[in-house]
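Asks: Please find one structure pasted underneath; my questions will follow.
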Amino acid sequence: MKLTVLGAHGTWPGPGGETCGYLVSHEGFNLWVDAGTGTFSRLQQQIAVDEVGAMLITHGHPDHFMDMIPAFYARHYGKMGAPGLPFYSPEGFFDLAALLVSEAGRNVMAIAYDTRDARHGVPFEAGPFRVTPFEMTHIGVRTVGYRIEANGSVLAYTGDTGPCPEAVDLAKGADLFLAEATYQNASNLLPFHLSAAQAAEHGVRAGVGRVLLTHITPDLDPDVSRTEAAAVFGDAVDVAVSGLVIEVGE
Ligand SMILES: [Zn+2]
Ligand SMILES: [Zn+2]
């Protein structure tokens, strides 16, 4: 499976940047995982709008879902994609998001998107992928990480989370651990995000092959994040940047 980073900044986009979003492809099927600001534009540099096979949203913070709205405009009003795109998100998310573009109270986004709840530990199939959501620990917002498997390869993505055993379960034996790493060692560590070192610790406990740090806020130097994670995990640590392509499990 191929991972293409569409955006990787945490919380807000830096100059010319995007917040979180990823394209995961296998056998011609495309998953769009998180839809942060700017990622719909980046996605269209990779594939056509109607080539998205399913969308996966981790949680209802704007840096992870905002571009589902322009994507809806393109699909629905621009006729750039068939109605009923499979759309997975935590329970309760879609009802709130739908309010942002209702037509006189009508849930018009529900035409473009066929919404399904992503429930902890309940796997689902999307094209050639088997996806298992794991509930993360992230303020009071229901948040899931996604464990994405295809052809024996495993990509584990945390979405946003603080330190929690479920993030280790999510990543167990994964080839690539796409882990949020909002903070650095000198940051004020709040319990609903990870530092780079904490992300690496979760990767060690899960026995992952490689760690890819993401969701670093744009005011931090990503080289410092990488160094702090490598001190815990070893050398197999990278920092996600927009446009990065990785073959997972090869
Ligand atoms: Zn976030
Ligand atoms: Zn968040």
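Chain labels A, B, ... are given in the sequence in which chains occur in the structure tokens; within each chain residues are numbered consecutively from 1, and ligands are likewise numbered from 1 in the order shown.
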Pick out the residues no farther than 9 Å from ligand 1, counting only C-alpha atoms and all ligand atoms, and list them as a ChimeraX atom specification.
Replies: /A:9-12,19-20,36,59,61-64,159-161,180,182,193,215
Asks: Extract the full set of strand (DSSP E or B) residues from range 45-167 of chain A according to DSSP on the backbone, and format it as a ChimeraX atom specification.
Replies: /A:52-56,85-89,103,106,113-117,124-126,129-135,144-150,153-157
Asks: For Ala167 in chain A, find every residue with an atom within 8 Å (counting only C-alpha atoms), except residues of its own chain fewer than 2 positions away, and show them as a PyMOL selection string.
Replies: chain A and resi 134+136+145+158+161+163-165+169-171+202
Asks: Restricting the calculation to only C-alpha atoms: of A:Ala48, A:Val144, A:Val224, A:Ala54, which residue gets closest to Val24 in chain A?
Replies: A:Ala54
Asks: Given only C-alpha atoms as the basis, pick out the residue of A:Val141, A:Ala240, A:Leu213, A:Val248 nearest to Leu6 in chain A.
Replies: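 Counting only C-alpha atoms, the residue closest to Leu6 in chain A is A:Ala240.
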Asks: May I ask which of the residues A:Ala181, A:Val108, A:Met55, A:Ala98 is the closest one to ligand 2, counting only C-alpha atoms and all ligand atoms?
Replies: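 Nearest to ligand 2: A:Ala181.
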Asks: Give me the residues near Ile111 in chain A as a list in words, where near means some atom within 10 Å (using only C-alpha atoms) and where sequence neighbours in that chain fewer than 3 positions away do not count.
Replies: Phe72, Arg75, His76, Ala82, Pro83, Gly84, Leu85, Asn107, Val108, Asp114 and Thr115 of chain A
Asks: Would you mind listing what lies within 8 Å of Glu135 in chain A as number ranges by chain, with only C-alpha atoms counted and same-chain residues fewer than 6 positions away left out?
Replies: A: 119-120, 142-145, 166
Asks: Here is a test: counting only C-alpha atoms and all ligand atoms, which residue of A:Ile139, A:Ala97, A:Leu155, A:Met66 is nearest to ligand 2?
Replies: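 Among the listed residues, A:Ile139 lies closest to ligand 2.
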Asks: Rounded to one decimal in Å, what is the spacing between CA of Arg210 in chain A and CA of Asn188 in chain A?
Replies: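 A separation of 26.2 Å between them.
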Asks: Show which residues sit within 10 Å of Arg116 in chain A, as a VMD selection string. Count only C-alpha atoms, and ignore same-chain residues fewer than 6 positions away.
Replies: chain A and resid 56 86 to 91 94
Asks: Which residues are close to Gly173 in chain A, i.e. within 10 Å by only C-alpha atoms, leaving aside same-chain residues fewer than 2 positions away? Reply as a PyMOL selection string.
Replies: chain A and resi 153-156+168-171+175-177+203-210
